[in-house]
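Chemist: So here's final_0.cif, just mmCIF, C-alpha atoms:
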data_data
#
loop_
_atom_site.label_atom_id
_atom_site.label_comp_id
_atom_site.auth_asym_id
_atom_site.auth_seq_id
_atom_site.Cartn_x
_atom_site.Cartn_y
_atom_site.Cartn_z
CA ASP A 1357 -0.11 -263.72 -213.40
CA SER A 1358 -3.12 -261.60 -214.32
CA GLY A 1359 -1.28 -259.43 -216.83
CA VAL A 1360 -1.90 -256.30 -214.77
CA THR A 1361 1.26 -254.68 -213.46
CA GLN A 1362 1.65 -252.23 -210.64
CA THR A 1363 4.62 -250.22 -209.43
CA PRO A 1364 6.08 -249.81 -206.95
CA LYS A 1365 5.44 -252.94 -204.90
CA HIS A 1366 6.19 -251.18 -201.64
CA LEU A 1367 6.21 -247.55 -200.67
CA ILE A 1368 7.16 -246.01 -197.34
CA THR A 1369 6.62 -242.33 -196.82
CA ALA A 1370 5.82 -239.75 -194.17
CA THR A 1371 2.60 -237.99 -193.26
CA GLY A 1372 1.88 -234.97 -195.39
CA GLN A 1373 3.73 -236.32 -198.39
CA ARG A 1374 2.46 -237.13 -201.87
CA VAL A 1375 2.95 -240.36 -203.78
CA THR A 1376 2.02 -241.73 -207.19
CA LEU A 1377 1.05 -245.32 -207.84
CA ARG A 1378 1.21 -246.68 -211.34
CA CYS A 1379 -0.82 -249.37 -213.09
CA SER A 1380 -0.58 -250.94 -216.53
CA PRO A 1381 -3.70 -252.87 -217.54
CA ARG A 1382 -3.78 -256.14 -219.43
CA SER A 1383 -3.10 -255.76 -223.10
CA GLY A 1384 -6.28 -254.69 -224.84
CA ASP A 1385 -8.20 -253.78 -221.68
CA LEU A 1386 -9.76 -250.35 -221.78
CA SER A 1387 -10.91 -249.98 -218.17
CA VAL A 1388 -8.79 -249.49 -215.11
CA TYR A 1389 -10.15 -249.64 -211.57
CA TRP A 1390 -8.48 -248.66 -208.31
CA TYR A 1391 -9.25 -250.32 -204.97
CA GLN A 1392 -7.96 -249.77 -201.46
CA GLN A 1393 -7.66 -252.60 -198.98
CA SER A 1394 -7.02 -251.94 -195.33
CA LEU A 1395 -7.37 -254.29 -192.39
CA ASP A 1396 -10.46 -252.65 -190.99
CA GLN A 1397 -12.23 -251.67 -194.20
CA GLY A 1398 -11.69 -254.57 -196.54
CA LEU A 1399 -11.54 -253.98 -200.28
CA GLN A 1400 -13.03 -250.62 -201.22
CA PHE A 1401 -13.63 -249.39 -204.75
CA LEU A 1402 -12.07 -245.98 -205.37
CA ILE A 1403 -12.46 -245.03 -209.02
CA GLN A 1404 -12.73 -246.36 -212.58
CA TYR A 1405 -11.38 -245.00 -215.84
CA TYR A 1406 -12.50 -246.18 -219.23
CA ASN A 1407 -10.49 -245.30 -222.32
CA GLY A 1408 -9.10 -242.19 -220.69
CA GLU A 1409 -12.29 -240.90 -219.13
CA GLU A 1410 -13.51 -241.17 -215.56
CA ARG A 1411 -16.37 -243.71 -215.56
CA ALA A 1412 -17.32 -244.33 -211.96
CA LYS A 1413 -16.37 -242.96 -208.58
CA GLY A 1414 -16.46 -244.74 -205.27
CA ASN A 1415 -15.16 -243.92 -201.83
CA ILE A 1416 -12.26 -241.84 -203.04
CA LEU A 1417 -11.05 -239.01 -200.84
CA GLU A 1418 -10.60 -235.53 -202.25
CA ARG A 1419 -6.89 -235.82 -201.43
CA PHE A 1420 -6.70 -238.65 -203.94
CA SER A 1421 -6.89 -238.34 -207.70
CA ALA A 1422 -6.33 -240.55 -210.67
CA GLN A 1423 -5.95 -240.39 -214.40
CA GLN A 1424 -5.66 -242.70 -217.36
CA PHE A 1425 -3.25 -241.84 -220.12
CA PRO A 1426 -3.55 -242.38 -223.90
CA ASP A 1427 -1.53 -245.58 -223.64
CA LEU A 1428 -4.16 -246.70 -221.09
CA HIS A 1429 -1.87 -246.92 -218.11
CA SER A 1430 -3.20 -245.22 -215.02
CA GLU A 1431 -1.79 -243.37 -212.06
CA LEU A 1432 -3.30 -242.88 -208.63
CA ASN A 1433 -2.05 -239.80 -206.82
CA LEU A 1434 -2.32 -239.67 -203.05
CA SER A 1435 -1.52 -236.37 -201.37
CA SER A 1436 -1.39 -234.93 -197.85
CA LEU A 1437 -0.95 -238.48 -196.68
CA GLU A 1438 -2.23 -239.53 -193.28
CA LEU A 1439 -1.43 -242.56 -191.17
CA GLY A 1440 -4.82 -244.00 -192.07
CA ASP A 1441 -3.92 -244.08 -195.74
CA SER A 1442 -1.60 -246.99 -195.09
CA ALA A 1443 -3.10 -249.85 -197.05
CA LEU A 1444 -2.77 -252.10 -200.05
CA TYR A 1445 -3.79 -250.39 -203.27
CA PHE A 1446 -4.91 -252.61 -206.08
CA CYS A 1447 -5.46 -251.84 -209.69
CA ALA A 1448 -7.74 -253.97 -211.84
CA SER A 1449 -8.57 -253.91 -215.52
CA SER A 1450 -11.35 -255.17 -217.73
CA VAL A 1451 -11.92 -255.45 -221.44
CA ALA A 1452 -14.59 -252.81 -221.84
CA GLY A 1453 -16.50 -250.38 -219.67
CA GLY A 1454 -17.55 -252.83 -217.04
CA GLY A 1455 -21.04 -253.94 -216.27
CA GLU A 1456 -22.77 -257.24 -215.90
CA GLY A 1457 -20.63 -260.25 -216.41
CA GLU A 1458 -17.43 -258.41 -217.17
CA THR A 1459 -14.51 -259.82 -215.22
CA GLN A 1460 -11.99 -257.59 -213.53
CA TYR A 1461 -8.38 -258.76 -213.36
CA PHE A 1462 -6.32 -257.52 -210.43
CA GLY A 1463 -2.70 -256.54 -210.21
CA PRO A 1464 -0.34 -257.56 -207.39
CA GLY A 1465 -0.91 -254.33 -205.50
CA THR A 1466 1.19 -251.58 -203.97
CA ARG A 1467 1.68 -251.66 -200.23
CA LEU A 1468 1.78 -248.13 -198.87
CA LEU A 1469 3.04 -247.42 -195.39
CA VAL A 1470 2.69 -243.90 -194.05
CA LEU A 1471 4.84 -243.16 -191.00
CA LEU B 1085 -26.49 -254.00 -205.36
CA ALA B 1086 -27.40 -257.40 -204.06
CA LYS B 1087 -25.96 -258.08 -200.66
CA THR B 1088 -24.19 -261.36 -200.09
CA THR B 1089 -23.76 -263.41 -196.95
CA GLN B 1090 -20.97 -265.92 -196.51
CA PRO B 1091 -19.59 -267.84 -193.53
CA ILE B 1092 -16.67 -265.97 -192.02
CA SER B 1093 -14.32 -268.91 -191.98
CA MET B 1094 -14.08 -272.65 -192.46
CA ASP B 1095 -11.44 -275.33 -192.16
CA SER B 1096 -10.95 -278.32 -194.39
CA TYR B 1097 -8.52 -281.18 -194.63
CA GLU B 1098 -6.20 -281.56 -197.55
CA GLY B 1099 -7.66 -283.71 -200.32
CA GLN B 1100 -11.27 -283.04 -199.40
CA GLU B 1101 -13.86 -281.28 -201.48
CA VAL B 1102 -14.75 -277.87 -200.09
CA ASN B 1103 -18.14 -276.30 -200.65
CA ILE B 1104 -18.57 -272.61 -199.87
CA THR B 1105 -22.07 -271.24 -199.85
CA CYS B 1106 -23.13 -267.68 -200.49
CA SER B 1107 -26.59 -266.26 -199.91
CA HIS B 1108 -27.90 -263.47 -202.13
CA ASN B 1109 -31.63 -263.19 -201.57
CA ASN B 1110 -31.98 -259.88 -203.41
CA ILE B 1111 -30.23 -260.90 -206.59
CA ALA B 1112 -31.51 -259.01 -209.62
CA THR B 1113 -32.58 -260.59 -212.88
CA ASN B 1114 -29.50 -259.46 -214.77
CA ASP B 1115 -26.95 -260.09 -211.98
CA TYR B 1116 -24.12 -262.52 -212.53
CA ILE B 1117 -22.51 -264.36 -209.62
CA THR B 1118 -18.74 -264.13 -209.48
CA TRP B 1119 -16.21 -265.68 -207.12
CA TYR B 1120 -12.75 -264.36 -206.41
CA GLN B 1121 -9.89 -265.86 -204.42
CA GLN B 1122 -7.37 -263.77 -202.53
CA PHE B 1123 -4.10 -264.89 -200.97
CA PRO B 1124 -2.48 -262.69 -198.31
CA SER B 1125 -0.96 -259.52 -199.77
CA GLN B 1126 -2.01 -260.44 -203.29
CA GLY B 1127 -4.73 -259.11 -205.55
CA PRO B 1128 -8.02 -260.97 -205.83
CA ARG B 1129 -8.01 -263.60 -208.54
CA PHE B 1130 -11.07 -264.42 -210.61
CA ILE B 1131 -12.16 -268.02 -210.09
CA ILE B 1132 -15.49 -268.54 -211.76
CA GLN B 1133 -18.67 -266.80 -212.84
CA GLY B 1134 -22.15 -268.01 -213.55
CA TYR B 1135 -25.72 -266.95 -214.09
CA LYS B 1136 -27.71 -270.11 -213.49
CA THR B 1137 -27.44 -273.90 -213.09
CA LYS B 1138 -23.88 -275.16 -213.05
CA VAL B 1139 -20.61 -273.84 -214.36
CA THR B 1140 -17.34 -275.75 -214.25
CA ASN B 1141 -13.82 -274.78 -215.15
CA GLU B 1142 -10.40 -276.22 -214.46
CA VAL B 1143 -10.34 -274.74 -210.96
CA ALA B 1144 -13.82 -275.01 -209.51
CA SER B 1145 -17.51 -275.60 -210.02
CA LEU B 1146 -20.30 -273.18 -209.30
CA PHE B 1147 -23.77 -274.44 -208.49
CA ILE B 1148 -26.69 -272.06 -208.72
CA PRO B 1149 -30.22 -273.25 -207.87
CA ALA B 1150 -33.21 -272.24 -209.94
CA ASP B 1151 -34.22 -269.37 -207.65
CA ARG B 1152 -30.65 -267.98 -207.77
CA LYS B 1153 -30.90 -266.82 -204.16
CA SER B 1154 -27.76 -268.69 -203.25
CA SER B 1155 -24.74 -270.24 -204.88
CA THR B 1156 -22.12 -272.78 -203.91
CA LEU B 1157 -18.50 -272.73 -204.93
CA SER B 1158 -17.02 -276.20 -204.98
CA LEU B 1159 -13.27 -276.76 -204.84
CA PRO B 1160 -12.35 -280.37 -205.57
CA ARG B 1161 -9.60 -282.04 -203.55
CA VAL B 1162 -8.14 -278.94 -201.92
CA SER B 1163 -4.46 -278.58 -201.18
CA LEU B 1164 -2.66 -276.39 -198.67
CA SER B 1165 -2.20 -273.77 -201.38
CA ASP B 1166 -5.97 -273.29 -201.56
CA THR B 1167 -5.87 -271.56 -198.17
CA ALA B 1168 -7.22 -268.12 -199.01
CA VAL B 1169 -10.14 -265.76 -198.65
CA TYR B 1170 -12.97 -266.47 -201.07
CA TYR B 1171 -15.32 -263.67 -202.07
CA CYS B 1172 -18.75 -264.06 -203.57
CA LEU B 1173 -19.94 -261.06 -205.57
CA VAL B 1174 -23.29 -260.51 -207.14
CA GLY B 1175 -23.78 -257.93 -209.83
CA ASP B 1176 -22.64 -254.43 -209.24
CA ASP B 1177 -24.36 -251.17 -208.41
CA GLY B 1178 -24.75 -250.21 -212.03
CA ASN B 1179 -21.51 -248.27 -211.84
CA ASN B 1180 -19.15 -251.20 -212.28
CA ARG B 1181 -18.24 -251.25 -208.63
CA LEU B 1182 -17.30 -254.64 -207.32
CA ALA B 1183 -18.43 -254.67 -203.71
CA PHE B 1184 -16.27 -257.10 -201.80
CA GLY B 1185 -17.69 -258.16 -198.48
CA LYS B 1186 -15.72 -259.83 -195.72
CA GLY B 1187 -15.29 -263.02 -197.71
CA ASN B 1188 -14.82 -266.51 -196.37
CA GLN B 1189 -11.43 -267.46 -194.95
CA VAL B 1190 -10.78 -271.06 -195.92
CA VAL B 1191 -7.94 -272.81 -194.14
CA VAL B 1192 -6.74 -276.13 -195.49
CA ILE B 1193 -5.24 -278.36 -192.84
CA PRO B 1194 -2.67 -281.07 -193.61
#
Taking this structure as input, can you express it in the form of structure tokens?

Modeler:
Amino acid sequence: DSGVTQTPKHLITATGQRVTLRCSPRSGDLSVYWYQQSLDQGLQFLIQYYNGEERAKGNILERFSAQQFPDLHSELNLSSLELGDSALYFCASSVAGGGEGETQYFGPGTRLLVL
Amino acid sequence: LAKTTQPISMDSYEGQEVNITCSHNNIATNDYITWYQQFPSQGPRFIIQGYKTKVTNEVASLFIPADRKSSTLSLPRVSLSDTAVYYCLVGDDGNNRLAFGKGNQVVVIP
């Protein structure tokens, strides 16, 4: 158990819909990262938040957005969902802002299925 | 961001030592080498991290030669539960992005 929690574990929805994934980092961790893992793309970095502020952006679509709240939990919002958005979404956290040598701890993931 | 090269897959018998090699010819001076393990439908799990020479923890050992252009993850006496994908990561792109490649699928055979 990494100490990172994610809800829900599974999510089934239809194309065009909007969903929200939630992540609680390990106690004391200030950074939250979101990753997407699909069969054909592997693990892709989406976005990082550090202490409430966006820190780094990866391959995140404009239809997706995220935020980190004062209690440091984070939400990833996915809208106008397409079939290709079906994937595992992982949240990770780290102690500080990231950088060399800083370990990221991953949550169990949310499996999203868009029908 | 230093690119890494790993074998796609490997099999090993239960009880054997497994050595997984990763090549990273373009590793930068300040890059750390980190290994993660991922079971199906689970998040990657940090295994070990090193900068040079040898690092050992309760799970694995990491051997890094002097030139740091490669590294070897050693798993002692593997069991069936060690069947997983193992990722070697080197540094990041300066923006904290962990770039996971294809990883190495290790299958432990009874």

Chemist: Apply the PyMOL selection byres ((chain A) within 10 of (chain B)) to the file shown and report the selected residues as a compact mmCIF listing (two decimals) with C-alpha atoms, in the frame of the given file.

Modeler:
# COMPACT_ATOMS: atom_id res chain seq x y z
CA ASP A 1357 -0.11 -263.72 -213.40
CA SER A 1358 -3.12 -261.60 -214.32
CA TYR A 1389 -10.15 -249.64 -211.57
CA TYR A 1391 -9.25 -250.32 -204.97
CA GLN A 1393 -7.66 -252.60 -198.98
CA GLN A 1397 -12.23 -251.67 -194.20
CA GLY A 1398 -11.69 -254.57 -196.54
CA LEU A 1399 -11.54 -253.98 -200.28
CA GLN A 1400 -13.03 -250.62 -201.22
CA PHE A 1401 -13.63 -249.39 -204.75
CA LEU A 1402 -12.07 -245.98 -205.37
CA ILE A 1403 -12.46 -245.03 -209.02
CA GLN A 1404 -12.73 -246.36 -212.58
CA ARG A 1411 -16.37 -243.71 -215.56
CA ALA A 1412 -17.32 -244.33 -211.96
CA LYS A 1413 -16.37 -242.96 -208.58
CA GLY A 1414 -16.46 -244.74 -205.27
CA LEU A 1444 -2.77 -252.10 -200.05
CA TYR A 1445 -3.79 -250.39 -203.27
CA PHE A 1446 -4.91 -252.61 -206.08
CA CYS A 1447 -5.46 -251.84 -209.69
CA ALA A 1448 -7.74 -253.97 -211.84
CA GLY A 1453 -16.50 -250.38 -219.67
CA GLY A 1454 -17.55 -252.83 -217.04
CA GLY A 1455 -21.04 -253.94 -216.27
CA GLU A 1456 -22.77 -257.24 -215.90
CA GLY A 1457 -20.63 -260.25 -216.41
CA GLU A 1458 -17.43 -258.41 -217.17
CA THR A 1459 -14.51 -259.82 -215.22
CA GLN A 1460 -11.99 -257.59 -213.53
CA TYR A 1461 -8.38 -258.76 -213.36
CA PHE A 1462 -6.32 -257.52 -210.43
CA GLY A 1463 -2.70 -256.54 -210.21
CA PRO A 1464 -0.34 -257.56 -207.39
CA GLY A 1465 -0.91 -254.33 -205.50
CA THR A 1466 1.19 -251.58 -203.97
CA ARG A 1467 1.68 -251.66 -200.23

Chemist: Tell me which protein, DNA and RNA residues are within 9 Å of stretch 1367-1371 of chain A, counting only C-alpha atoms, leaving out same-chain ones fewer than 6 positions away, and put them as a ChimeraX atom specification.

Modeler: /A:1436-1439,1466-1471

Chemist: Might you spell out which residues the PyMOL selection byres ((chain B and resi 1151-1154) around 9) would select in the displayed file, as a list in words?

Modeler: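 Selected by the PyMOL selection byres ((chain B and resi 1151-1154) around 9) here: Thr1088, Thr1105, Cys1106, Ser1107, His1108, Asn1109, Asn1110, Ile1111, Tyr1135, Lys1136, Thr1137, Phe1147, Ile1148, Pro1149, Ala1150, Ser1155 and Thr1156 of chain B.
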
Chemist: List the residues matched by the PyMOL selection byres ((chain B and resi 1161) around 7) in the displayed structure as a list in words, ordered by chain and then by residue number.

Modeler: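 After applying the PyMOL selection byres ((chain B and resi 1161) around 7), what remains is Glu1098, Gly1099, Gln1100, Glu1101, Leu1159, Pro1160, Val1162 and Ser1163 of chain B.
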
Chemist: What is the atom CA of A:Ala1452-atom CA of A:Ser1387 distance in Å, reported with one decimal?

Modeler: 5.9 Å
